[in-house]
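Novice: Next up, final.csv (CSV, C-alpha atoms).
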chain,number,residue,atom,x,y,z
T,15,MET,CA,2.4,1.2,-18.1
T,16,CYS,CA,1.8,-0.3,-21.5
T,17,GLY,CA,0.8,-3.9,-22.2
T,18,ALA,CA,-0.9,-6.4,-20.0
T,19,PRO,CA,-0.3,-6.1,-16.3
T,20,ASP,CA,2.1,-8.7,-14.8
T,21,GLN,CA,-0.1,-11.4,-13.3
T,22,SER,CA,2.5,-12.7,-10.9
T,23,LEU,CA,1.0,-11.0,-7.9
T,24,ALA,CA,-2.8,-10.9,-8.3
T,25,LEU,CA,-4.5,-7.7,-7.3
T,26,PRO,CA,-7.3,-7.9,-4.7
T,27,PRO,CA,-10.7,-8.4,-6.3
T,28,GLY,CA,-12.3,-5.0,-7.1
T,29,THR,CA,-9.1,-3.1,-7.4
T,30,ASP,CA,-9.9,-0.3,-9.8
T,31,LEU,CA,-6.7,0.6,-11.7
T,32,SER,CA,-8.4,3.7,-13.2
T,33,ARG,CA,-8.4,5.1,-9.6
T,34,GLU,CA,-5.8,3.2,-7.6
T,35,THR,CA,-2.1,3.9,-8.0
T,36,VAL,CA,-0.4,0.5,-7.6
T,37,LEU,CA,3.4,0.2,-7.3
T,38,ALA,CA,4.6,-3.3,-7.8
T,39,GLY,CA,7.8,-5.1,-8.5
T,40,ARG,CA,10.3,-7.8,-7.7
T,41,VAL,CA,13.4,-8.0,-5.5
T,42,VAL,CA,16.4,-9.6,-7.2
T,43,ALA,CA,20.0,-10.4,-6.5
T,44,GLY,CA,22.2,-11.2,-9.4
T,45,GLY,CA,19.1,-11.4,-11.6
T,46,GLU,CA,17.5,-14.1,-9.4
T,47,PRO,CA,14.3,-13.4,-7.3
T,48,VAL,CA,14.9,-12.9,-3.6
T,49,ALA,CA,12.1,-14.4,-1.4
T,50,GLY,CA,10.9,-12.7,1.8
T,51,ALA,CA,12.8,-9.4,1.5
T,52,PHE,CA,11.4,-6.5,3.6
T,53,VAL,CA,10.4,-3.8,1.1
T,54,ARG,CA,9.8,-0.3,2.2
T,55,LEU,CA,8.0,2.5,0.4
T,56,LEU,CA,9.5,5.9,1.0
T,57,ASP,CA,7.8,9.1,-0.1
T,58,GLY,CA,9.3,12.0,-2.1
T,59,THR,CA,11.0,13.3,1.1
T,60,GLY,CA,12.5,9.9,2.0
T,61,GLU,CA,9.9,9.4,4.7
T,62,PHE,CA,8.7,5.9,5.5
T,63,THR,CA,5.2,5.2,4.1
T,64,ALA,CA,4.7,1.4,4.2
T,65,GLU,CA,6.5,-1.9,4.4
T,66,VAL,CA,5.7,-5.3,3.0
T,67,VAL,CA,7.4,-8.7,2.8
T,68,ALA,CA,8.1,-9.9,-0.7
T,69,SER,CA,6.5,-13.2,-1.8
T,70,ALA,CA,8.4,-16.4,-2.4
T,71,SER,CA,8.9,-15.2,-6.0
T,72,GLY,CA,10.2,-11.8,-4.8
T,73,ASP,CA,7.1,-9.9,-5.7
T,74,PHE,CA,5.7,-7.0,-3.8
T,75,ARG,CA,3.0,-4.4,-4.2
T,76,PHE,CA,1.9,-1.1,-2.7
T,77,PHE,CA,-1.2,1.1,-3.0
T,78,ALA,CA,0.0,4.6,-3.2
T,79,ALA,CA,-0.7,7.9,-5.0
T,80,PRO,CA,0.8,9.6,-8.0
T,81,GLY,CA,4.2,11.0,-7.1
T,82,THR,CA,7.9,10.1,-6.8
T,83,TRP,CA,8.7,7.2,-4.6
T,84,THR,CA,11.6,5.1,-3.4
T,85,LEU,CA,11.4,1.4,-3.0
T,86,ARG,CA,14.0,0.1,-0.5
T,87,ALA,CA,14.6,-3.6,0.1
T,88,LEU,CA,16.3,-5.2,3.1
T,89,SER,CA,17.2,-8.9,3.0
T,90,ARG,CA,19.7,-11.5,4.2
T,91,ALA,CA,21.2,-11.1,0.7
T,92,GLY,CA,21.8,-7.4,1.3
T,93,SER,CA,19.9,-4.2,0.7
T,94,GLY,CA,19.2,-1.9,-2.3
T,95,GLN,CA,16.8,0.7,-3.5
T,96,THR,CA,15.3,2.2,-6.6
T,97,ALA,CA,13.2,5.2,-7.5
T,98,LEU,CA,9.8,5.0,-9.2
T,99,THR,CA,7.7,7.8,-10.5
T,100,ALA,CA,3.9,7.3,-10.8
T,101,ASP,CA,2.5,9.9,-13.1
T,102,GLY,CA,-1.1,8.9,-12.5
T,103,PRO,CA,-3.3,6.0,-11.4
T,104,GLY,CA,-2.6,2.5,-12.8
T,105,LEU,CA,0.0,-0.2,-12.3
T,106,HIS,CA,3.7,1.0,-12.1
T,107,GLN,CA,6.4,-1.5,-11.9
T,108,ALA,CA,10.1,-1.6,-10.9
T,109,GLU,CA,12.8,-4.1,-10.0
T,110,VAL,CA,14.9,-3.6,-6.8
T,111,ALA,CA,18.3,-5.2,-6.9
T,112,VAL,CA,19.9,-6.1,-3.5
T,113,ALA,CA,23.6,-6.8,-3.0
I,17,MET,CA,8.6,1.0,33.4
I,18,SER,CA,11.9,0.9,31.7
I,19,ARG,CA,13.3,-0.8,28.6
I,20,GLN,CA,14.5,-3.9,30.5
I,21,ASP,CA,11.0,-4.5,31.8
I,22,VAL,CA,9.4,-4.1,28.4
I,23,LEU,CA,11.7,-5.5,25.7
I,24,VAL,CA,13.6,-8.7,25.3
I,25,SER,CA,16.3,-9.2,22.7
I,26,ALA,CA,16.3,-11.9,20.0
I,27,ASP,CA,19.3,-13.5,21.8
I,28,TRP,CA,17.3,-13.7,25.1
I,29,ALA,CA,14.3,-15.1,23.3
I,30,GLU,CA,16.4,-17.8,21.5
I,31,LYS,CA,17.8,-18.9,24.9
I,32,ASN,CA,14.4,-19.0,26.5
I,33,LEU,CA,12.3,-20.8,23.9
I,34,GLY,CA,10.7,-23.7,25.7
I,35,THR,CA,11.4,-22.3,29.2
I,36,GLU,CA,8.6,-23.2,31.7
I,37,GLY,CA,6.6,-20.1,32.5
I,38,ILE,CA,7.5,-18.2,29.4
I,39,VAL,CA,4.9,-18.1,26.6
I,40,PHE,CA,5.7,-16.8,23.1
I,41,LEU,CA,2.7,-15.4,21.2
I,42,GLU,CA,2.9,-14.3,17.6
I,43,VAL,CA,0.6,-11.6,16.3
I,44,ASP,CA,0.9,-10.6,12.7
I,45,GLU,CA,-0.9,-8.2,10.4
I,46,ASP,CA,-0.6,-11.0,7.8
I,47,THR,CA,-2.5,-13.7,9.7
I,48,THR,CA,-0.9,-16.4,7.6
I,49,ALA,CA,2.7,-15.5,8.4
I,50,TYR,CA,2.8,-17.8,11.5
I,51,ASP,CA,1.8,-20.8,9.4
I,52,GLY,CA,4.9,-20.4,7.2
I,53,GLY,CA,7.2,-20.6,10.2
I,54,HIS,CA,7.3,-19.4,13.7
I,55,LEU,CA,9.5,-19.4,16.9
I,56,ALA,CA,9.6,-22.9,18.4
I,57,GLY,CA,6.8,-23.3,20.8
I,58,ALA,CA,5.1,-20.0,19.9
I,59,VAL,CA,1.3,-19.8,19.7
I,60,LYS,CA,-0.5,-17.7,17.2
I,61,ILE,CA,-3.0,-15.0,17.9
I,62,ASN,CA,-5.2,-13.8,15.0
I,63,TRP,CA,-5.7,-10.1,15.7
I,64,THR,CA,-8.7,-9.9,13.3
I,65,THR,CA,-10.7,-12.7,14.9
I,66,GLU,CA,-9.3,-13.1,18.4
I,67,LEU,CA,-8.4,-9.6,19.6
I,68,GLN,CA,-11.6,-7.9,18.2
I,69,ASP,CA,-15.2,-8.7,18.8
I,70,ALA,CA,-16.7,-10.5,15.8
I,71,VAL,CA,-19.9,-8.4,15.6
I,72,ARG,CA,-19.5,-5.0,17.4
I,73,ARG,CA,-16.6,-2.8,16.4
I,74,ASP,CA,-14.6,-3.1,19.6
I,75,ILE,CA,-11.7,-5.0,21.1
I,76,VAL,CA,-12.6,-8.2,22.9
I,77,ASP,CA,-14.2,-7.7,26.3
I,78,LYS,CA,-12.9,-9.1,29.6
I,79,ALA,CA,-14.7,-12.4,29.3
I,80,GLN,CA,-13.6,-12.9,25.7
I,81,PHE,CA,-10.0,-12.1,26.7
I,82,GLU,CA,-10.2,-14.6,29.5
I,83,GLN,CA,-11.6,-17.3,27.1
I,84,LEU,CA,-8.8,-16.5,24.5
I,85,LEU,CA,-5.9,-16.8,26.9
I,86,SER,CA,-7.4,-19.9,28.6
I,87,ALA,CA,-7.7,-21.5,25.2
I,88,LYS,CA,-4.1,-20.5,24.3
I,89,GLY,CA,-2.8,-22.1,27.5
I,90,VAL,CA,-1.6,-18.9,29.1
I,91,ASN,CA,-1.5,-18.7,32.9
I,92,ASN,CA,-1.8,-15.5,34.9
I,93,SER,CA,1.7,-16.1,36.3
I,94,ASP,CA,3.3,-16.6,32.8
I,95,THR,CA,5.8,-14.2,31.3
I,96,VAL,CA,4.2,-13.5,27.9
I,97,VAL,CA,6.5,-12.5,25.1
I,98,LEU,CA,4.7,-11.0,22.1
I,99,TYR,CA,6.2,-10.7,18.6
I,100,GLY,CA,5.1,-10.3,15.1
I,101,GLY,CA,5.8,-9.0,11.6
I,102,ASN,CA,5.6,-5.5,10.2
I,103,ASN,CA,7.8,-4.1,12.9
I,104,ASN,CA,5.7,-5.5,15.7
I,105,TRP,CA,2.7,-3.3,14.9
I,106,PHE,CA,0.1,-5.9,15.9
I,107,ALA,CA,2.3,-7.4,18.6
I,108,ALA,CA,2.3,-3.9,20.1
I,109,TYR,CA,-1.5,-3.8,19.7
I,110,ALA,CA,-1.7,-7.1,21.6
I,111,TYR,CA,0.8,-5.8,24.2
I,112,TRP,CA,-1.5,-2.8,24.8
I,113,GLN,CA,-4.5,-5.2,25.3
I,114,PHE,CA,-2.6,-7.4,27.7
I,115,LYS,CA,-1.8,-4.3,29.7
I,116,LEU,CA,-5.4,-3.1,29.4
I,117,TYR,CA,-6.6,-6.4,30.9
I,118,GLY,CA,-3.9,-6.3,33.6
I,119,HIS,CA,-1.5,-9.2,32.6
I,120,ALA,CA,1.3,-8.9,35.1
I,121,ASP,CA,4.3,-9.8,33.0
I,122,VAL,CA,4.2,-9.0,29.3
I,123,LYS,CA,7.1,-8.1,27.0
I,124,LEU,CA,7.8,-7.4,23.3
I,125,LEU,CA,10.5,-9.2,21.3
I,126,ASP,CA,12.6,-6.2,20.1
I,127,GLY,CA,12.6,-6.3,16.3
I,128,GLY,CA,9.9,-8.9,16.1
I,129,ARG,CA,9.9,-11.4,13.1
I,130,LYS,CA,11.9,-9.0,10.9
I,131,LYS,CA,15.0,-9.0,13.0
I,132,TRP,CA,14.7,-12.7,13.7
I,133,GLU,CA,14.5,-13.4,10.0
I,134,LEU,CA,17.3,-11.0,9.1
I,135,ASP,CA,19.5,-12.6,11.7
I,136,GLY,CA,18.8,-16.0,10.1
I,137,ARG,CA,17.4,-17.5,13.3
I,138,THR,CA,15.4,-20.7,13.2
I,139,LEU,CA,11.7,-20.8,12.4
I,140,THR,CA,9.6,-23.9,12.6
I,141,THR,CA,6.3,-25.1,11.3
I,142,ASP,CA,5.7,-27.6,14.1
I,143,VAL,CA,2.2,-27.6,15.5
I,144,VAL,CA,2.1,-26.2,19.0
I,145,GLU,CA,-0.3,-27.5,21.6
I,146,ARG,CA,-0.6,-26.0,25.0
I,147,PRO,CA,-3.0,-27.4,27.6
I,148,ALA,CA,-5.9,-25.1,28.3
I,149,THR,CA,-5.8,-22.9,31.5
I,150,THR,CA,-8.3,-20.9,33.5
I,151,TYR,CA,-7.1,-17.3,32.9
I,152,THR,CA,-8.6,-14.4,34.9
I,153,ALA,CA,-8.3,-10.9,33.5
I,154,GLN,CA,-8.6,-7.6,35.4
I,155,GLU,CA,-11.2,-5.0,34.6
I,156,PRO,CA,-10.0,-2.9,31.7
I,157,ASP,CA,-7.6,-0.1,32.6
I,158,LEU,CA,-9.2,2.8,30.8
I,159,SER,CA,-6.4,5.1,31.8
I,160,ILE,CA,-4.6,3.8,28.7
I,161,ARG,CA,-7.6,3.8,26.3
I,162,ALA,CA,-9.1,6.9,24.7
I,163,PHE,CA,-12.6,7.2,23.3
I,164,ARG,CA,-13.9,9.6,20.7
I,165,ASP,CA,-15.4,12.3,23.0
I,166,GLU,CA,-12.2,12.7,24.9
I,167,VAL,CA,-10.3,12.9,21.7
I,168,VAL,CA,-12.5,15.8,20.5
I,169,ASP,CA,-12.1,17.4,24.0
I,170,ALA,CA,-8.3,17.0,23.7
I,171,ILE,CA,-8.1,19.3,20.6
I,172,GLY,CA,-5.8,22.2,21.7
I,173,ALA,CA,-5.5,20.8,25.2
I,174,LYS,CA,-3.5,17.6,25.1
I,175,ASN,CA,-0.8,16.2,23.0
I,176,LEU,CA,-2.5,14.5,20.0
I,177,VAL,CA,0.1,12.4,18.3
I,178,ASP,CA,-0.9,11.2,14.8
I,179,VAL,CA,1.6,8.4,14.1
I,180,ARG,CA,0.5,7.8,10.5
I,181,SER,CA,2.7,8.5,7.5
I,182,PRO,CA,2.9,12.2,6.4
I,183,ASP,CA,0.7,11.5,3.3
I,184,GLU,CA,-2.0,10.0,5.5
I,185,PHE,CA,-1.7,12.9,7.9
I,186,SER,CA,-2.0,15.5,5.1
I,187,GLY,CA,-5.0,13.7,3.6
I,188,LYS,CA,-3.2,12.6,0.4
I,189,ILE,CA,-3.9,8.9,1.1
I,190,LEU,CA,-6.3,7.2,3.5
I,191,ALA,CA,-4.6,4.0,4.5
I,192,PRO,CA,-1.0,2.7,4.7
I,193,ALA,CA,0.3,2.3,1.2
I,194,HIS,CA,0.3,-1.5,1.3
I,195,LEU,CA,-3.5,-1.5,1.6
I,196,PRO,CA,-6.2,-0.5,-0.9
I,197,GLN,CA,-7.2,3.2,-0.7
I,198,GLU,CA,-10.9,2.9,-1.1
I,199,GLN,CA,-12.2,4.0,2.3
I,200,SER,CA,-15.5,5.6,3.4
I,201,GLN,CA,-14.1,8.2,5.9
I,202,ARG,CA,-12.8,11.7,5.2
I,203,PRO,CA,-9.1,12.2,4.8
I,204,GLY,CA,-7.0,14.5,7.0
I,205,HIS,CA,-6.1,14.7,10.7
I,206,ILE,CA,-7.4,16.0,14.1
I,207,PRO,CA,-6.7,19.7,14.4
I,208,THR,CA,-3.6,20.5,16.6
I,209,ALA,CA,-2.3,17.0,16.2
I,210,VAL,CA,1.5,16.6,15.7
I,211,ASN,CA,2.6,14.1,13.1
I,212,ILE,CA,5.3,11.8,14.5
I,213,PRO,CA,5.2,8.7,12.3
I,214,TRP,CA,5.6,5.5,14.3
I,215,SER,CA,8.4,4.5,11.9
I,216,LYS,CA,10.7,7.3,13.3
I,217,ALA,CA,10.7,5.4,16.6
I,218,ALA,CA,12.1,2.2,14.9
I,219,ASN,CA,15.3,1.2,13.3
I,220,GLU,CA,15.3,-0.3,9.9
I,221,ASP,CA,15.6,-3.8,11.4
I,222,GLY,CA,12.4,-3.2,13.4
I,223,THR,CA,14.0,-2.7,16.8
I,224,PHE,CA,13.1,0.4,18.9
I,225,LYS,CA,15.5,3.3,18.8
I,226,SER,CA,17.5,4.1,22.0
I,227,ASP,CA,15.8,6.0,24.8
I,228,ASP,CA,18.0,9.1,24.0
I,229,GLU,CA,17.0,9.0,20.3
I,230,LEU,CA,13.4,8.6,21.2
I,231,ALA,CA,13.3,11.5,23.7
I,232,LYS,CA,15.1,13.7,21.1
I,233,LEU,CA,12.6,12.7,18.4
I,234,TYR,CA,9.5,13.6,20.3
I,235,GLY,CA,11.0,16.7,21.8
I,236,GLU,CA,12.0,18.1,18.3
I,237,ALA,CA,8.6,17.2,16.9
I,238,GLY,CA,6.7,19.4,19.3
I,239,TYR,CA,5.7,16.8,22.0
I,240,ASP,CA,5.0,18.7,25.2
I,241,ASP,CA,6.1,16.6,28.3
I,242,SER,CA,3.9,18.6,30.6
I,243,LYS,CA,0.7,17.5,28.9
I,244,SER,CA,-1.4,14.3,28.7
I,245,THR,CA,-1.3,12.5,25.5
I,246,ILE,CA,-3.5,10.6,23.1
I,247,ALA,CA,-2.0,8.7,20.2
I,248,TYR,CA,-3.9,7.6,17.1
I,249,CYS,CA,-3.4,6.1,13.7
I,250,ARG,CA,-5.9,4.4,11.3
I,251,ILE,CA,-7.1,1.4,13.4
I,252,GLY,CA,-5.0,1.7,16.6
I,253,GLU,CA,-2.2,-0.7,15.9
I,254,ARG,CA,0.6,1.7,14.8
I,255,SER,CA,-0.5,4.0,17.7
I,256,SER,CA,0.0,1.0,20.0
I,257,HIS,CA,3.6,1.0,18.9
I,258,THR,CA,3.9,4.6,19.8
I,259,TRP,CA,2.0,4.0,23.0
I,260,VAL,CA,4.7,1.5,23.9
I,261,VAL,CA,7.4,4.1,23.2
I,262,LEU,CA,5.8,6.9,25.2
I,263,HIS,CA,4.2,5.1,28.1
I,264,GLU,CA,6.4,2.0,28.5
I,265,LEU,CA,9.9,3.0,27.2
I,266,LEU,CA,10.0,6.7,28.0
I,267,GLY,CA,7.7,6.4,31.0
I,268,HIS,CA,5.3,9.2,30.4
I,269,ASP,CA,2.4,9.1,32.8
I,270,ASP,CA,-0.9,9.8,31.1
I,271,VAL,CA,-0.7,8.4,27.6
I,272,LYS,CA,-3.7,6.8,26.0
I,273,ASN,CA,-4.1,4.8,22.8
I,274,TYR,CA,-7.2,5.9,20.7
I,275,ASP,CA,-7.9,2.6,19.0
I,276,GLY,CA,-11.0,4.0,17.2
I,277,SER,CA,-8.4,6.1,15.4
I,278,TRP,CA,-8.9,7.6,12.0
I,279,THR,CA,-11.4,5.1,10.8
I,280,GLU,CA,-13.7,6.3,13.6
I,281,TYR,CA,-12.8,10.0,13.8
I,282,GLY,CA,-12.8,10.4,10.0
I,283,SER,CA,-16.4,9.0,10.0
I,284,LEU,CA,-17.9,11.2,12.8
I,285,ILE,CA,-20.4,13.8,11.8
I,286,GLY,CA,-19.5,17.4,12.5
I,287,VAL,CA,-16.1,17.0,14.1
I,288,PRO,CA,-13.3,19.3,13.0
I,289,ILE,CA,-10.8,18.0,10.5
I,290,GLU,CA,-7.6,19.7,9.2
I,291,LEU,CA,-6.0,19.0,5.9
I,292,GLY,CA,-2.4,19.6,4.8
I,293,ALA,CA,1.1,19.0,5.8
I,294,PRO,CA,2.2,19.4,9.5
I,295,GLN,CA,3.0,22.8,10.8
I,296,LYS,CA,6.8,23.2,11.3
I,297,VAL,CA,7.7,23.4,14.9
I,298,GLY,CA,9.2,26.7,15.7
I,299,ALA,CA,8.5,28.1,12.3
Take the structure in this file and express it as structure tokens.
Specialist:
Amino acid sequence: MCGAPDQSLALPPGTDLSRETVLAGRVVAGGEPVAGAFVRLLDGTGEFTAEVVASASGDFRFFAAPGTWTLRALSRAGSGQTALTADGPGLHQAEVAVA
Amino acid sequence: MSRQDVLVSADWAEKNLGTEGIVFLEVDEDTTAYDGGHLAGAVKINWTTELQDAVRRDIVDKAQFEQLLSAKGVNNSDTVVLYGGNNNWFAAYAYWQFKLYGHADVKLLDGGRKKWELDGRTLTTDVVERPATTYTAQEPDLSIRAFRDEVVDAIGAKNLVDVRSPDEFSGKILAPAHLPQEQSQRPGHIPTAVNIPWSKAANEDGTFKSDDELAKLYGEAGYDDSKSTIAYCRIGERSSHTWVVLHELLGHDDVKNYDGSWTEYGSLIGVPIELGAPQKVGA
């Protein structure tokens, strides 16, 4: 949450990070970005909330709410997941390793 | 209807690409997905500009639907196979519209783009040209489409199935979490609605769960087989997915999709809204 936001995946114009809770990150395998992975956002109970396709550089983004979330990625290179807690509005970032 | 009439597998699709009389149509939430690679011979439909009226908030009317399919080169006698990204949300929305306008033979590719990509099957960027046709649609079948007044009347009387995520149902968020949350309507859900997220009906690879799993899912979530049903979500695409499950796969009779969905209901003056998590069935 500190420092300049990662610009690799531009937020839509007008996104207000003082109000929106944005969860963003990258899918990697062996440290290398994985393009086109299917990334799911699961809520605190493990329930499906949303799904996006990661970009060519492995980047993905969700608009959520403060809380505890799980990011789960499915790709031809394998699957993996990671937990992410957003304590308030702003940009929250995580890396999801698949194997 | 049964599963064999409604769904085709990726294997079947791969064998039937290019077959005379079978037209593959791709419908994506991300309207640029097709351009990055599509099934060989498939034609793109843009749901935002081609399945909705450009001015009024409504789906295309009969004449617009006829113009669209004529321009896409679809014959009335063709088998149409719809597929798309995001677990076939918008392909299901198109499927519902094809049924609404009476297309005789329409199917969904089970798993859509996701399973196709996970399987590592071929996608192409070839430009697809189909000669124009003269397509004739039927009058809309309003037995599968719900409007706002009957939704209000259905409170406490019919199965109202809210297929959004639990956080949208409870009012914590207003849109699926891959979209910005700034919306004008009030959060919450229609009173007496049960929350059965569309995602529970699909496997992780985007294919539909088995008929037995689906019947169990709805039974346990408080779905009453003896009642008529209206399904809704935010803009009517995820509820199309559930409409396919309830009406087409499980064969329930009176199931309507409320395509106005929460963006309409949550903007209506004076209608009842409930907040909070779903009631536990049997609790």
Novice: Select residues of chain I: the criterion is any atom within 7 Å of an atom of chain T, counting all atoms listed in the file; output as a list in words.
Specialist: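 Listing them in order of chain and number gives Asn102, Leu134, Ser181, Ile189, Pro192, Ala193, His194, Leu195, Pro196, Gln197 and Ser215 of chain I.
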Novice: If you measure from CA of Thr141 (chain I) to CA of Gly57 (chain I), what distance in Å do you get, rounded to one decimal?
Specialist: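 So the answer is 9.7 Å.
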Novice: For the atom pair CA of Ala24 (chain T) and CA of Gln199 (chain I), what is the interatomic distance in Å to one decimal place?
Specialist: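 So the two atoms, CA of Ala24 (chain T) and CA of Gln199 (chain I), lie 20.6 Å apart.
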Novice: Report the distance between CA of Arg202 (chain I) and CA of Arg73 (chain I) in Å, rounded to one decimal place.
Specialist: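 Computing the Euclidean distance for CA of Arg202 (chain I) and CA of Arg73 (chain I) yields 18.7 Å.
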Novice: Which one of I:Gly100, I:Gly89, I:Gly276, I:Pro182 sits closest to Glu145 (chain I) if you count all atoms listed in the file?
Specialist: I:Gly89
Novice: Up to 10 Å from (14.8, -7.5, -8.6) in the file's coordinates: name the residues, counting all atoms listed in the file, as a PyMOL selection string.
Specialist: chain T and resi 39-48+72-73+87+94-96+108-112
Novice: Could you take the residues named above and write them with C-alpha atoms, as a PDB file, in the coordinates of the input?
Specialist:
ATOM      1  CA  GLY T  39       7.800  -5.100  -8.500  1.00  0.00           C
ATOM      2  CA  ARG T  40      10.300  -7.800  -7.700  1.00  0.00           C
ATOM      3  CA  VAL T  41      13.400  -8.000  -5.500  1.00  0.00           C
ATOM      4  CA  VAL T  42      16.400  -9.600  -7.200  1.00  0.00           C
ATOM      5  CA  ALA T  43      20.000 -10.400  -6.500  1.00  0.00           C
ATOM      6  CA  GLY T  44      22.200 -11.200  -9.400  1.00  0.00           C
ATOM      7  CA  GLY T  45      19.100 -11.400 -11.600  1.00  0.00           C
ATOM      8  CA  GLU T  46      17.500 -14.100  -9.400  1.00  0.00           C
ATOM      9  CA  PRO T  47      14.300 -13.400  -7.300  1.00  0.00           C
ATOM     10  CA  VAL T  48      14.900 -12.900  -3.600  1.00  0.00           C
ATOM     11  CA  GLY T  72      10.200 -11.800  -4.800  1.00  0.00           C
ATOM     12  CA  ASP T  73       7.100  -9.900  -5.700  1.00  0.00           C
ATOM     13  CA  ALA T  87      14.600  -3.600   0.100  1.00  0.00           C
ATOM     14  CA  GLY T  94      19.200  -1.900  -2.300  1.00  0.00           C
ATOM     15  CA  GLN T  95      16.800   0.700  -3.500  1.00  0.00           C
ATOM     16  CA  THR T  96      15.300   2.200  -6.600  1.00  0.00           C
ATOM     17  CA  ALA T 108      10.100  -1.600 -10.900  1.00  0.00           C
ATOM     18  CA  GLU T 109      12.800  -4.100 -10.000  1.00  0.00           C
ATOM     19  CA  VAL T 110      14.900  -3.600  -6.800  1.00  0.00           C
ATOM     20  CA  ALA T 111      18.300  -5.200  -6.900  1.00  0.00           C
ATOM     21  CA  VAL T 112      19.900  -6.100  -3.500  1.00  0.00           C
TER      22      VAL T 112
END
Novice: Show me the residues around (-2.8, -9.4, 8.0) - criterion: an atom at most 12 Å away, all atoms listed in the file counted - as a list in words.
Specialist: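 Protein, DNA and RNA residues close to (-2.8, -9.4, 8.0): Val66 and Val67 of chain T; Val43, Asp44, Glu45, Asp46, Thr47, Thr48, Ala49, Tyr50, Ile61, Asn62, Trp63, Thr64, Thr65, Gly100, Gly101, Asn102, Trp105, Phe106, Ala107, His194, Leu195 and Glu253 of chain I.
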Novice: Fewer than 5 positions away in the same chain doesn't count, so skip those; otherwise give me all residues within 8 Å of Tyr117 (chain I), counting all atoms listed in the file, as a count of residues only.
Specialist: 7
Novice: Could region 89-93 of chain I be completed with all heavy atoms and returned as a compact mmCIF listing (two decimals), in the coordinates of the input?
Specialist:
# COMPACT_ATOMS: atom_id res chain seq x y z
N GLY I 89 -3.67 -21.44 26.46
CA GLY I 89 -2.80 -22.10 27.50
C GLY I 89 -1.91 -21.12 28.19
O GLY I 89 -0.78 -21.45 28.56
N VAL I 90 -2.40 -19.90 28.42
CA VAL I 90 -1.60 -18.90 29.10
C VAL I 90 -2.09 -18.83 30.59
O VAL I 90 -3.29 -18.73 30.84
CB VAL I 90 -1.75 -17.50 28.48
CG1 VAL I 90 -0.96 -16.45 29.26
CG2 VAL I 90 -1.29 -17.55 27.03
N ASN I 91 -1.16 -18.89 31.52
CA ASN I 91 -1.50 -18.70 32.90
C ASN I 91 -1.26 -17.27 33.35
O ASN I 91 -0.43 -16.56 32.77
CB ASN I 91 -0.53 -19.59 33.80
CG ASN I 91 -0.87 -21.06 33.67
OD1 ASN I 91 -1.94 -21.51 34.08
ND2 ASN I 91 0.04 -21.82 33.07
N ASN I 92 -1.98 -16.86 34.38
CA ASN I 92 -1.80 -15.50 34.90
C ASN I 92 -0.37 -15.22 35.30
O ASN I 92 0.12 -14.09 35.20
CB ASN I 92 -2.73 -15.24 36.06
CG ASN I 92 -4.15 -14.98 35.62
OD1 ASN I 92 -4.90 -15.92 35.37
ND2 ASN I 92 -4.51 -13.73 35.46
N SER I 93 0.32 -16.27 35.76
CA SER I 93 1.70 -16.10 36.30
C SER I 93 2.74 -16.15 35.17
O SER I 93 3.92 -15.91 35.42
CB SER I 93 1.99 -17.16 37.31
OG SER I 93 1.83 -18.44 36.73
